[in-house]
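Structure data (mmCIF, C-alpha atoms) from protein-v5.cif:
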data_upload
loop_
_atom_site.label_atom_id
_atom_site.label_comp_id
_atom_site.auth_asym_id
_atom_site.auth_seq_id
_atom_site.Cartn_x
_atom_site.Cartn_y
_atom_site.Cartn_z
CA MET A 1 0.00 0.00 0.00
CA ARG A 2 2.94 2.34 0.68
CA ARG A 3 4.46 1.82 -2.82
CA LYS A 4 1.59 3.55 -4.65
CA PRO A 5 2.15 7.10 -3.23
CA VAL A 6 5.86 6.76 -3.87
CA VAL A 7 5.28 5.99 -7.57
CA LEU A 8 2.90 8.92 -7.94
CA SER A 9 5.40 11.23 -6.34
CA LEU A 10 8.12 10.13 -8.75
CA ILE A 11 5.85 10.74 -11.74
CA ILE A 12 4.99 14.23 -10.53
CA VAL A 13 8.67 15.07 -10.01
CA LEU A 14 9.55 13.88 -13.55
CA LEU A 15 6.75 15.95 -15.09
CA LEU A 16 7.85 19.05 -13.22
CA ALA A 17 11.46 18.56 -14.32
CA GLY A 18 10.47 18.08 -17.99
CA GLY A 19 8.23 21.14 -17.93
CA GLY A 20 10.97 23.25 -16.49
CA TRP A 21 13.42 22.12 -19.14
CA TRP A 22 10.92 22.88 -21.99
CA TRP A 23 10.14 26.33 -20.59
CA LYS A 24 13.82 27.17 -20.24
CA SER A 25 14.60 26.14 -23.88
CA ARG A 26 11.53 28.06 -25.14
CA ALA A 27 12.65 31.19 -23.30
CA SER A 28 16.12 30.98 -24.85
CA GLN A 29 14.74 30.67 -28.46
CA SER A 30 12.04 33.34 -28.17
CA PRO A 31 14.31 36.43 -28.59
CA LYS A 32 15.81 34.97 -31.79
CA ALA A 33 12.36 34.23 -33.27
CA ASP A 34 11.09 37.69 -32.38
CA ALA A 35 14.18 39.24 -33.97
CA ALA A 36 13.61 37.23 -37.17
CA ALA A 37 9.89 38.04 -37.31
CA ALA A 38 10.33 41.74 -36.67
CA PRO A 39 11.41 42.65 -40.27
CA ALA A 40 8.57 40.56 -41.66
CA ARG A 41 6.05 42.33 -39.42
CA GLY A 42 7.49 45.63 -40.48
CA ALA A 43 7.27 44.75 -44.15
CA SER A 44 3.69 43.54 -43.67
CA ALA A 45 2.77 46.74 -41.89
CA ALA A 46 4.24 48.74 -44.74
CA GLY A 47 2.25 46.76 -47.34
CA GLY A 48 5.24 45.13 -49.06
CA VAL A 49 6.82 45.99 -52.43
CA GLN A 50 5.52 43.99 -55.42
CA THR A 51 7.34 43.77 -58.73
CA VAL A 52 5.06 44.36 -61.75
CA GLY A 53 5.56 44.47 -65.50
CA VAL A 54 4.52 47.76 -67.06
CA VAL A 55 4.02 49.35 -70.48
CA LEU A 56 3.61 52.96 -71.56
CA ALA A 57 0.28 54.18 -72.93
CA ARG A 58 0.98 55.36 -76.49
CA GLN A 59 -0.73 58.15 -78.39
CA GLN A 60 -1.24 57.55 -82.11
CA ASP A 61 -3.73 57.79 -84.95
CA VAL A 62 -5.68 54.52 -85.15
CA PRO A 63 -7.45 53.56 -88.39
CA VAL A 64 -10.79 51.86 -87.68
CA VAL A 65 -10.93 48.73 -89.79
CA VAL A 66 -13.88 46.33 -89.99
CA GLU A 67 -13.77 42.70 -91.04
CA ALA A 68 -16.61 40.68 -92.53
CA SER A 69 -17.33 37.46 -94.34
CA GLY A 70 -17.62 37.69 -98.11
CA THR A 71 -18.10 35.63 -101.23
CA VAL A 72 -16.23 36.07 -104.49
CA ALA A 73 -18.68 36.80 -107.31
CA ALA A 74 -18.01 37.25 -111.01
CA LEU A 75 -18.81 40.73 -112.30
CA ASN A 76 -19.98 39.12 -115.57
CA GLN A 77 -21.15 35.59 -116.28
CA VAL A 78 -23.26 34.06 -119.03
CA ASP A 79 -24.78 30.74 -120.04
CA VAL A 80 -24.00 30.35 -123.73
CA ARG A 81 -27.02 28.93 -125.59
CA ALA A 82 -27.89 28.33 -129.24
CA GLN A 83 -30.22 30.76 -131.01
CA THR A 84 -30.96 28.35 -133.82
CA THR A 85 -31.75 24.65 -133.95
CA SER A 86 -28.94 23.02 -135.85
CA THR A 87 -26.25 20.36 -135.72
CA VAL A 88 -22.96 21.20 -134.01
CA ARG A 89 -20.20 21.04 -136.58
CA GLU A 90 -17.18 22.21 -134.56
CA VAL A 91 -16.42 22.73 -130.87
CA LEU A 92 -13.51 25.15 -130.59
CA VAL A 93 -13.40 25.54 -126.80
CA LYS A 94 -12.22 23.14 -124.13
CA ASP A 95 -13.30 22.59 -120.55
CA GLY A 96 -11.83 25.29 -118.28
CA GLN A 97 -10.19 27.18 -121.12
CA SER A 98 -9.47 30.89 -120.83
CA VAL A 99 -11.21 32.74 -123.68
CA GLN A 100 -10.94 36.25 -125.06
CA LYS A 101 -13.76 38.54 -126.09
CA GLY A 102 -14.90 37.69 -129.65
CA GLN A 103 -13.16 34.30 -129.70
CA LEU A 104 -15.02 31.67 -131.77
CA LEU A 105 -16.41 28.92 -129.53
CA PHE A 106 -18.86 26.86 -131.61
CA ARG A 107 -19.71 26.50 -135.30
CA PHE A 108 -22.99 24.91 -136.46
CA ASP A 109 -24.13 23.41 -139.76
CA GLU A 110 -24.90 26.53 -141.79
CA ARG A 111 -25.84 25.11 -145.19
CA ALA A 112 -29.58 25.79 -144.93
CA ASP A 113 -29.10 29.34 -143.66
CA ARG A 114 -26.49 30.09 -146.31
CA ALA A 115 -28.89 28.86 -149.02
CA ASN A 116 -31.58 31.16 -147.64
CA LEU A 117 -29.16 34.05 -147.75
CA ASP A 118 -28.25 33.32 -151.37
CA LYS A 119 -31.94 33.13 -152.21
CA ALA A 120 -32.62 36.48 -150.56
CA ARG A 121 -29.74 38.09 -152.41
CA ALA A 122 -30.99 36.71 -155.72
CA GLN A 123 -34.44 38.08 -155.06
CA LEU A 124 -32.90 41.47 -154.24
CA ALA A 125 -30.94 41.45 -157.51
CA ARG A 126 -34.06 40.59 -159.53
CA ASP A 127 -36.14 43.32 -157.91
CA LYS A 128 -33.36 45.84 -158.43
CA ALA A 129 -33.39 45.00 -162.13
CA SER A 130 -37.17 45.44 -162.21
CA LEU A 131 -36.79 48.74 -160.40
CA ALA A 132 -34.37 49.96 -163.06
CA ASP A 133 -36.90 49.08 -165.78
CA LEU A 134 -39.67 50.90 -163.90
CA GLN A 135 -37.37 53.90 -163.61
CA ARG A 136 -36.88 53.95 -167.36
CA GLN A 137 -40.65 53.56 -167.96
CA TYR A 138 -41.36 56.49 -165.70
CA GLY A 139 -38.83 58.62 -167.58
CA ARG A 140 -40.41 57.84 -170.97
CA ALA A 141 -43.88 58.53 -169.57
CA LYS A 142 -42.76 61.97 -168.47
CA GLU A 143 -41.44 62.75 -171.95
CA LEU A 144 -44.66 61.57 -173.61
CA VAL A 145 -46.82 63.62 -171.26
CA ALA A 146 -44.70 66.66 -172.04
CA GLN A 147 -45.35 66.09 -175.77
CA ASN A 148 -49.07 65.42 -175.14
CA PHE A 149 -48.82 61.89 -176.57
CA VAL A 150 -50.26 60.21 -173.47
CA ALA A 151 -52.59 61.25 -170.75
CA GLN A 152 -51.50 62.29 -167.25
CA SER A 153 -52.95 59.05 -165.85
CA ALA A 154 -50.28 57.06 -167.70
CA LEU A 155 -47.59 59.06 -165.92
CA ASP A 156 -49.32 58.49 -162.58
CA THR A 157 -49.43 54.74 -163.21
CA ALA A 158 -45.72 54.67 -164.07
CA LEU A 159 -44.90 56.61 -160.88
CA SER A 160 -46.97 54.21 -158.79
CA ASN A 161 -45.19 51.21 -160.30
CA LEU A 162 -41.83 52.87 -159.64
CA GLU A 163 -42.61 53.49 -155.96
CA GLY A 164 -43.87 49.92 -155.56
CA GLY A 165 -40.62 48.66 -157.05
CA ARG A 166 -38.61 50.77 -154.63
CA SER A 167 -40.53 49.39 -151.66
CA LEU A 168 -39.99 45.88 -152.91
CA VAL A 169 -36.22 46.45 -153.08
CA VAL A 170 -36.25 47.79 -149.51
CA ALA A 171 -38.10 44.65 -148.39
CA ASP A 172 -35.58 42.47 -150.21
CA GLU A 173 -32.71 44.25 -148.50
CA ALA A 174 -34.35 43.60 -145.12
CA ALA A 175 -34.77 39.94 -146.08
CA VAL A 176 -31.06 39.75 -146.92
CA GLN A 177 -30.18 41.28 -143.53
CA SER A 178 -32.46 38.79 -141.76
CA ALA A 179 -30.82 35.90 -143.59
CA GLU A 180 -27.39 37.23 -142.64
CA VAL A 181 -28.44 37.40 -138.97
CA ALA A 182 -29.77 33.84 -139.12
CA LEU A 183 -26.51 32.74 -140.70
CA SER A 184 -24.49 34.49 -137.96
CA TYR A 185 -26.25 32.35 -135.34
CA ASN A 186 -24.25 29.40 -136.65
CA GLU A 187 -21.10 30.85 -135.09
CA ILE A 188 -21.01 31.55 -131.34
CA ARG A 189 -18.30 33.85 -129.99
CA ALA A 190 -17.32 34.78 -126.43
CA PRO A 191 -19.19 37.93 -125.30
CA PHE A 192 -16.34 38.89 -122.94
CA SER A 193 -13.00 37.61 -121.72
CA GLY A 194 -13.20 35.00 -119.03
CA ARG A 195 -12.94 31.33 -118.22
CA ALA A 196 -15.10 28.60 -119.72
CA GLY A 197 -16.72 25.94 -117.60
CA ALA A 198 -17.64 22.43 -118.68
CA VAL A 199 -18.55 22.05 -122.39
CA ASN A 200 -21.88 20.22 -122.71
CA VAL A 201 -22.01 19.48 -126.48
CA TRP A 202 -19.82 17.67 -128.98
CA PRO A 203 -19.55 17.68 -132.77
CA GLY A 204 -22.65 16.03 -134.22
CA SER A 205 -24.89 17.00 -131.31
CA LEU A 206 -28.19 18.71 -132.02
CA ALA A 207 -28.29 22.18 -130.49
CA GLN A 208 -31.77 23.35 -129.56
CA ALA A 209 -32.73 27.03 -129.64
CA GLY A 210 -34.29 28.50 -126.52
CA ALA A 211 -33.53 29.34 -122.89
CA SER A 212 -34.52 25.95 -121.50
CA GLY A 213 -32.23 23.00 -121.20
CA THR A 214 -28.51 22.71 -120.56
CA PRO A 215 -26.36 25.56 -121.91
CA LEU A 216 -23.56 24.85 -124.34
CA VAL A 217 -21.01 26.26 -121.90
CA ASN A 218 -20.82 28.77 -119.06
CA ILE A 219 -18.34 31.67 -119.08
CA VAL A 220 -17.41 33.74 -116.05
CA GLN A 221 -15.22 36.81 -115.89
CA ILE A 222 -12.18 36.22 -113.68
CA ASP A 223 -10.33 39.54 -114.02
CA PRO A 224 -11.52 41.83 -112.60
CA VAL A 225 -13.65 40.02 -110.05
CA GLY A 226 -16.03 41.14 -107.33
CA VAL A 227 -16.49 40.26 -103.66
CA THR A 228 -19.88 40.70 -101.98
CA PHE A 229 -20.10 41.04 -98.20
CA THR A 230 -22.38 42.44 -95.53
CA LEU A 231 -21.84 44.86 -92.65
CA PRO A 232 -24.06 45.71 -89.67
CA GLU A 233 -26.33 48.65 -90.33
CA THR A 234 -24.51 50.53 -87.56
CA GLU A 235 -21.53 50.78 -89.92
CA LEU A 236 -23.59 52.23 -92.78
CA ALA A 237 -23.09 55.87 -91.74
CA PRO A 238 -19.25 55.65 -91.71
CA VAL A 239 -19.31 53.89 -95.10
CA LEU A 240 -21.51 56.57 -96.67
CA GLU A 241 -19.41 59.29 -95.05
CA ALA A 242 -16.25 57.81 -96.57
CA MET A 243 -17.86 57.90 -100.04
CA ARG A 244 -19.51 61.34 -99.74
CA PRO A 245 -18.03 64.16 -101.91
CA GLY A 246 -16.11 66.88 -100.11
CA ALA A 247 -17.04 70.53 -99.74
CA ASP A 248 -15.40 71.32 -103.09
CA GLY A 249 -17.54 68.70 -104.82
CA ALA A 250 -14.59 66.39 -105.47
CA ARG A 251 -15.47 62.75 -105.00
CA PRO A 252 -13.03 60.96 -102.68
CA ALA A 253 -11.28 57.75 -103.58
CA PRO A 254 -13.47 54.72 -102.78
CA PRO A 255 -12.60 53.00 -99.49
CA GLU A 256 -10.01 50.28 -99.94
CA VAL A 257 -11.03 46.70 -99.28
CA GLN A 258 -8.50 43.94 -98.62
CA VAL A 259 -9.19 40.23 -98.97
CA LEU A 260 -7.84 37.79 -96.39
CA LEU A 261 -7.55 34.51 -98.24
CA PRO A 262 -8.53 31.30 -96.42
CA GLY A 263 -5.63 29.61 -94.71
CA SER A 264 -3.25 32.53 -95.22
CA ASP A 265 -1.62 34.98 -92.84
CA ALA A 266 -1.39 38.61 -93.94
CA GLY A 267 1.79 39.24 -91.97
CA ALA A 268 3.45 36.15 -93.45
CA ARG A 269 2.52 37.27 -96.96
CA ARG A 270 4.06 40.68 -96.37
CA SER A 271 7.22 39.10 -94.97
CA ARG A 272 7.54 37.09 -98.20
CA ASN A 273 7.03 40.28 -100.24
CA GLU A 274 3.99 38.76 -101.92
CA PRO A 275 1.42 41.22 -103.31
CA SER A 276 -1.73 41.61 -101.26
CA VAL A 277 -5.16 41.26 -102.82
CA ARG A 278 -6.60 44.75 -102.62
CA GLY A 279 -9.57 46.38 -104.29
CA LYS A 280 -12.06 49.21 -103.94
CA LEU A 281 -15.65 49.52 -102.83
CA ILE A 282 -17.96 49.96 -105.84
CA PHE A 283 -21.48 49.30 -104.56
CA VAL A 284 -23.62 49.90 -101.49
CA ASP A 285 -27.10 48.42 -101.60
CA ASN A 286 -30.07 50.78 -101.51
CA LEU A 287 -31.87 48.81 -98.78
CA VAL A 288 -30.97 47.48 -95.35
CA ASP A 289 -32.07 43.89 -94.84
CA ALA A 290 -34.64 44.32 -92.08
CA SER A 291 -34.52 40.61 -91.12
CA THR A 292 -30.77 40.61 -90.39
CA GLY A 293 -30.00 44.29 -89.84
CA THR A 294 -27.20 44.23 -92.40
CA ILE A 295 -26.33 46.12 -95.58
CA LYS A 296 -24.88 44.46 -98.68
CA LEU A 297 -21.71 45.85 -100.30
CA LYS A 298 -19.55 44.86 -103.24
CA ALA A 299 -15.88 45.50 -103.95
CA GLU A 300 -13.91 45.08 -107.19
CA PHE A 301 -10.47 43.49 -107.37
CA GLU A 302 -7.87 43.04 -110.06
CA ASN A 303 -7.30 39.31 -110.37
CA LYS A 304 -4.52 38.79 -112.88
CA GLN A 305 -2.95 36.12 -110.66
CA GLN A 306 -6.37 34.43 -110.30
CA SER A 307 -5.97 34.20 -106.54
CA LEU A 308 -9.71 34.83 -106.16
CA TRP A 309 -12.23 32.38 -107.59
CA PRO A 310 -15.99 32.90 -108.07
CA GLY A 311 -17.95 31.30 -105.26
CA GLN A 312 -14.96 31.28 -102.89
CA TYR A 313 -15.52 32.16 -99.21
CA VAL A 314 -13.15 34.90 -98.00
CA ARG A 315 -12.65 37.39 -95.18
CA VAL A 316 -12.55 41.05 -96.13
CA ARG A 317 -11.12 44.04 -94.28
CA MET A 318 -12.20 47.62 -94.98
CA LEU A 319 -11.05 50.94 -93.54
CA LEU A 320 -13.94 53.09 -92.28
CA ARG A 321 -12.39 56.05 -90.46
CA SER A 322 -9.40 57.12 -88.37
CA ILE A 323 -9.32 57.99 -84.64
CA LYS A 324 -6.97 60.92 -84.17
CA ASN A 325 -4.56 61.10 -81.18
CA ALA A 326 -5.94 57.95 -79.57
CA VAL A 327 -4.47 56.52 -76.35
CA VAL A 328 -3.53 52.88 -76.95
CA ILE A 329 -2.77 50.18 -74.35
CA PRO A 330 -2.68 46.36 -74.48
CA GLN A 331 -6.06 44.70 -74.01
CA ALA A 332 -4.47 42.37 -71.43
CA ALA A 333 -3.96 45.36 -69.10
CA VAL A 334 -7.73 45.93 -68.80
CA ILE A 335 -9.44 44.39 -65.77
CA LEU A 336 -13.06 43.35 -66.28
CA ARG A 337 -15.31 43.82 -63.26
CA GLY A 338 -18.92 43.45 -64.24
CA THR A 339 -19.70 46.27 -66.61
CA ASP A 340 -16.67 48.31 -65.47
CA ARG A 341 -13.30 48.36 -67.22
CA GLN A 342 -10.31 49.32 -65.06
CA VAL A 343 -6.52 49.49 -65.28
CA TYR A 344 -3.73 49.95 -62.74
CA VAL A 345 -1.52 52.99 -63.35
CA VAL A 346 1.76 53.53 -61.48
CA ALA A 347 1.86 56.99 -59.95
CA ALA A 348 4.96 59.15 -59.43
CA ASP A 349 5.34 57.87 -55.84
CA LYS A 350 5.53 54.26 -57.13
CA THR A 351 2.06 53.34 -55.91
CA ALA A 352 -0.58 51.53 -57.95
CA GLN A 353 -3.67 53.60 -58.70
CA LEU A 354 -6.85 51.98 -60.05
CA LYS A 355 -8.54 53.94 -62.85
CA THR A 356 -11.81 53.32 -64.67
CA VAL A 357 -11.52 53.47 -68.46
CA ARG A 358 -13.84 53.27 -71.45
CA LEU A 359 -13.02 51.00 -74.39
CA ARG A 360 -13.50 52.84 -77.67
CA TYR A 361 -12.03 50.38 -80.15
CA THR A 362 -9.99 47.17 -80.12
CA PHE A 363 -7.60 45.97 -82.82
CA GLY A 364 -5.35 42.96 -82.56
CA GLU A 365 -3.99 42.78 -78.97
CA MET A 366 -4.37 46.54 -78.45
CA ALA A 367 -7.25 48.78 -77.36
CA VAL A 368 -8.11 52.47 -77.65
CA VAL A 369 -9.28 53.75 -74.24
CA ASP A 370 -10.48 56.91 -72.55
CA GLY A 371 -9.50 57.65 -68.94
CA VAL A 372 -5.73 57.17 -69.21
CA ASP A 373 -3.28 59.89 -70.25
CA ALA A 374 -0.73 59.31 -72.99
CA GLY A 375 2.64 58.31 -71.51
CA ALA A 376 1.09 56.82 -68.35
CA THR A 377 2.74 53.72 -66.88
CA VAL A 378 0.16 50.93 -67.09
CA VAL A 379 0.51 47.64 -65.20
CA LEU A 380 0.37 44.63 -67.51
CA ASP A 381 1.95 41.75 -65.52
CA GLY A 382 1.16 41.12 -61.85
CA LYS A 383 -2.04 43.14 -61.62
CA GLN A 384 -3.98 40.19 -60.16
CA ASN A 385 -2.52 40.58 -56.66
CA LEU A 386 -2.39 44.38 -56.58
CA ARG A 387 -4.42 46.59 -54.28
CA PRO A 388 -5.01 50.33 -54.79
CA GLY A 389 -2.24 52.28 -53.05
CA ALA A 390 0.22 49.38 -52.91
CA THR A 391 3.89 50.19 -53.41
CA VAL A 392 5.32 48.55 -56.56
CA ARG A 393 8.65 48.03 -58.24
CA THR A 394 8.37 48.37 -62.04
CA GLN A 395 10.08 46.50 -64.84
CA PRO A 396 9.31 46.26 -68.57
CA ALA A 397 6.53 43.77 -69.21
CA ALA A 398 7.36 40.59 -71.07
CA VAL A 399 6.14 40.87 -74.68
CA ASP A 400 5.52 37.92 -76.97
CA PRO A 401 7.75 38.50 -80.05
CA ALA A 402 5.19 36.88 -82.34
CA ALA A 403 2.38 39.01 -80.93
CA ALA A 404 4.51 42.13 -81.27
CA ALA A 405 5.30 41.27 -84.88
CA ARG A 406 1.62 40.71 -85.62
CA GLN A 407 0.72 43.99 -83.97
CA GLN A 408 3.34 45.93 -85.91
CA ALA A 409 2.20 44.31 -89.17
CA LEU A 410 -1.44 45.13 -88.40
CA ALA A 411 -0.63 48.73 -87.53
CA ALA A 412 1.50 49.14 -90.65
CA GLU A 413 -1.20 47.63 -92.85
CA ALA A 414 -3.91 49.81 -91.33
CA GLY A 415 -1.76 52.90 -91.81
CA ARG A 416 -1.08 51.95 -95.41
CA MET A 417 -4.80 51.46 -96.03
CA ALA A 418 -5.50 54.88 -94.55
CA ALA A 419 -2.89 56.52 -96.78
CA ALA A 420 -4.09 54.66 -99.89
CA SER A 421 -7.75 55.53 -99.45
CA GLY A 422 -7.13 59.10 -98.35
CA ALA A 423 -9.02 58.53 -95.13
CA GLY A 424 -6.79 60.80 -93.15
CA GLY A 425 -9.34 63.58 -93.58
CA LYS A 426 -12.18 61.33 -92.45
CA ALA A 427 -11.13 61.50 -88.83
CA ASP A 428 -13.27 60.52 -85.88
CA ALA A 429 -12.57 62.71 -82.90
CA THR A 430 -14.93 60.90 -80.55
CA GLY A 431 -14.86 57.31 -81.74
CA GLU A 432 -18.61 57.00 -81.27
#
This entry written out as structure tokens:
Amino acid sequence: MRRKPVVLSLIIVLLLAGGGWWWKSRASQSPKADAAAAPARGASAAGGVQTVGVVLARQQDVPVVVEASGTVAALNQVDVRAQTTSTVREVLVKDGQSVQKGQLLFRFDERADRANLDKARAQLARDKASLADLQRQYGRAKELVAQNFVAQSALDTALSNLEGGRSLVVADEAAVQSAEVALSYNEIRAPFSGRAGAVNVWPGSLAQAGASGTPLVNIVQIDPVGVTFTLPETELAPVLEAMRPGADGARPAPPEVQVLLPGSDAGARRSRNEPSVRGKLIFVDNLVDASTGTIKLKAEFENKQQSLWPGQYVRVRMLLRSIKNAVVIPQAAVILRGTDRQVYVVAADKTAQLKTVRLRYTFGEMAVVDGVDAGATVVLDGKQNLRPGATVRTQPAAVDPAAAARQQALAAEAGRMAAASGAGGKADATGE
């Protein structure tokens, strides 16, 4: 019974000794920990210094360019059909052949029409001979009337016969012309220069006159060629403004339209010094499509290289106006918060200030904004963890070389379009 209190006493003594040792070691380490934590607490109290990547807001003239989907359409195309029912004697065009205006395409069996022409000419020759005889008879009748050998009625009869003969000759001449026209239908020539489609007849085939049935061949004009596209009706006013004559009555150059070919990169084409496919706006429809809210337009392009093909789907780019002295920043610097658009700007005291901006226009990776002064230092990298008023350390933001090259190419192309179309005077001071 006496051993139990002794054991408990030993346990209590051991616990007290261990606690004393732990407290002594804790007390010796506490000053070092406090000394190490003091700078951290001080830095936390001061808000810390965060390194951010920044860019400068640039001021420049920004051409406003719109892009739309379009379809290549031939300015001229025709289904070649026979105007006479006859047998095809010769086919002088091949599938897909390029033809010139006036080039002979088909020749039909012309023997019947040529015989009719010869017959009409013979009839004309006979009636001309009869007319000459009537002319002589009328002359003799006049002499006899003057000598009182015949009555005046004989002269009137001779004059009537002469006029009838003249009318008959005129009718014969018309018959000859009609026979010549019928004979000309046996040769079919290209109405304009272009490219032939599939030929649907062969020598020995019977060609039927009329608009029904399969045409002999289809011809489309390749150079120049048109591109039809649509724009929202909200862009109609800038388009009409770009085409409106100036105060002096001089009509400005039509807005330039550029085609972006499928599967191609405009910047890559320029780097290879390949010519771009550029044209001019030639048509604005007189009605807005009420069902879609769009307006139809057409542009004309030179197509000597045949890079555009009728029916082809393309993307088109057209310059509408130019925003003068615009402030430009990267789109990635804009923070989206509901309907608000904000950016961080580094102030002179190296603190981050949050400013609300308004997007006026975006192009490529850049944006035109209101609410930021030109030359301001805008935070691009590291803005996610910033708080207004935080102290920052700035460094140039990392820029993707490919994105920078694309942006420079886009800006250069837009500037070239503005210079080519003379849109420098069509400036938009508000961007609305």
May I ask for the distance between atom CA of Glu180 of chain A and atom CA of Leu206 of chain A, given in Å to one decimal place?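 Atom CA of Leu206 of chain A lies 21.4 Å from atom CA of Glu180 of chain A.
For the pair atom CA of Glu187 of chain A and atom CA of Val80 of chain A, the separation is 11.7 Å.
From atom CA of Asp118 of chain A back to atom CA of Val176 of chain A, the distance works out to 8.3 Å.
When the distance limit is 6 Å and all atoms listed in the file are what count, the residues near Phe229 of chain A, minus those fewer than 6 positions from it on the same chain, are Ser69, Gly70, Lys296 and Leu297 of chain A.
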Care to translate the PyMOL selection byres ((chain A and resi 223) around 8) into actual residues of this file, as a PyMOL selection string? chain A and resi 194+221-222+224-225+301-304+306
For C-alpha atoms, I'd like the residues from the last selection saved as a PDB file, in the frame of the given file.
ATOM      1  CA  GLY A 194     -13.200  35.000-119.030  1.00  0.00           C
ATOM      2  CA  GLN A 221     -15.220  36.810-115.890  1.00  0.00           C
ATOM      3  CA  ILE A 222     -12.180  36.220-113.680  1.00  0.00           C
ATOM      4  CA  PRO A 224     -11.520  41.830-112.600  1.00  0.00           C
ATOM      5  CA  VAL A 225     -13.650  40.020-110.050  1.00  0.00           C
ATOM      6  CA  PHE A 301     -10.470  43.490-107.370  1.00  0.00           C
ATOM      7  CA  GLU A 302      -7.870  43.040-110.060  1.00  0.00           C
ATOM      8  CA  ASN A 303      -7.300  39.310-110.370  1.00  0.00           C
ATOM      9  CA  LYS A 304      -4.520  38.790-112.880  1.00  0.00           C
ATOM     10  CA  GLN A 306      -6.370  34.430-110.300  1.00  0.00           C
TER      11      GLN A 306
END
Selection under test: the PyMOL selection byres ((chain A and resi 320) around 6); residues as a PyMOL selection string: chain A and resi 64-65+238+319+321
Write the residues of the selection above to a file with C-alpha atoms, as a PDB file, in the frame of the given file.
ATOM      1  CA  VAL A  64     -10.790  51.860 -87.680  1.00  0.00           C
ATOM      2  CA  VAL A  65     -10.930  48.730 -89.790  1.00  0.00           C
ATOM      3  CA  PRO A 238     -19.250  55.650 -91.710  1.00  0.00           C
ATOM      4  CA  LEU A 319     -11.050  50.940 -93.540  1.00  0.00           C
ATOM      5  CA  ARG A 321     -12.390  56.050 -90.460  1.00  0.00           C
TER       6      ARG A 321
END
The PyMOL selection byres ((chain A and resi 332-339) around 9) applied to the shown file, residues as a CSV table (one decimal) with C-alpha atoms, in the frame of the given file:
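Okay, selection_30.csv is ready:
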chain,number,residue,atom,x,y,z
A,329,ILE,CA,-2.8,50.2,-74.4
A,330,PRO,CA,-2.7,46.4,-74.5
A,331,GLN,CA,-6.1,44.7,-74.0
A,340,ASP,CA,-16.7,48.3,-65.5
A,341,ARG,CA,-13.3,48.4,-67.2
A,342,GLN,CA,-10.3,49.3,-65.1
A,343,VAL,CA,-6.5,49.5,-65.3
A,344,TYR,CA,-3.7,50.0,-62.7
A,357,VAL,CA,-11.5,53.5,-68.5
A,365,GLU,CA,-4.0,42.8,-79.0
A,366,MET,CA,-4.4,46.5,-78.4
A,378,VAL,CA,0.2,50.9,-67.1
A,379,VAL,CA,0.5,47.6,-65.2
A,380,LEU,CA,0.4,44.6,-67.5
A,381,ASP,CA,2.0,41.8,-65.5
A,383,LYS,CA,-2.0,43.1,-61.6
A,384,GLN,CA,-4.0,40.2,-60.2
I'd like the contact shell of segment 131-146 of chain A - 10 Å cut-off, all atoms listed in the file, skipping same-chain residues fewer than 6 positions apart - returned as a ChimeraX atom specification. /A:125,152-169
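Minimum atom-to-atom distance to Val91 of chain A, evaluated using all atoms listed in the file, belongs to A:Arg189 out of A:Lys350, A:Arg126, A:Arg189, A:Arg278.
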Could segment 49-68 of chain A be written out with C-alpha atoms, as an mmCIF file, in the first residue's frame, please?
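Full text of part21.cif as output:
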data_model
loop_
_atom_site.group_PDB
_atom_site.id
_atom_site.type_symbol
_atom_site.label_atom_id
_atom_site.label_comp_id
_atom_site.auth_asym_id
_atom_site.auth_seq_id
_atom_site.Cartn_x
_atom_site.Cartn_y
_atom_site.Cartn_z
ATOM 1 C CA VAL A 49 6.816 45.986 -52.426
ATOM 2 C CA GLN A 50 5.520 43.989 -55.418
ATOM 3 C CA THR A 51 7.339 43.768 -58.731
ATOM 4 C CA VAL A 52 5.059 44.357 -61.747
ATOM 5 C CA GLY A 53 5.563 44.466 -65.500
ATOM 6 C CA VAL A 54 4.515 47.761 -67.062
ATOM 7 C CA VAL A 55 4.018 49.355 -70.484
ATOM 8 C CA LEU A 56 3.608 52.964 -71.557
ATOM 9 C CA ALA A 57 0.281 54.184 -72.930
ATOM 10 C CA ARG A 58 0.984 55.362 -76.486
ATOM 11 C CA GLN A 59 -0.729 58.150 -78.392
ATOM 12 C CA GLN A 60 -1.242 57.547 -82.111
ATOM 13 C CA ASP A 61 -3.731 57.785 -84.954
ATOM 14 C CA VAL A 62 -5.675 54.521 -85.149
ATOM 15 C CA PRO A 63 -7.453 53.563 -88.385
ATOM 16 C CA VAL A 64 -10.791 51.860 -87.685
ATOM 17 C CA VAL A 65 -10.926 48.728 -89.794
ATOM 18 C CA VAL A 66 -13.879 46.325 -89.993
ATOM 19 C CA GLU A 67 -13.774 42.699 -91.040
ATOM 20 C CA ALA A 68 -16.608 40.682 -92.533
#
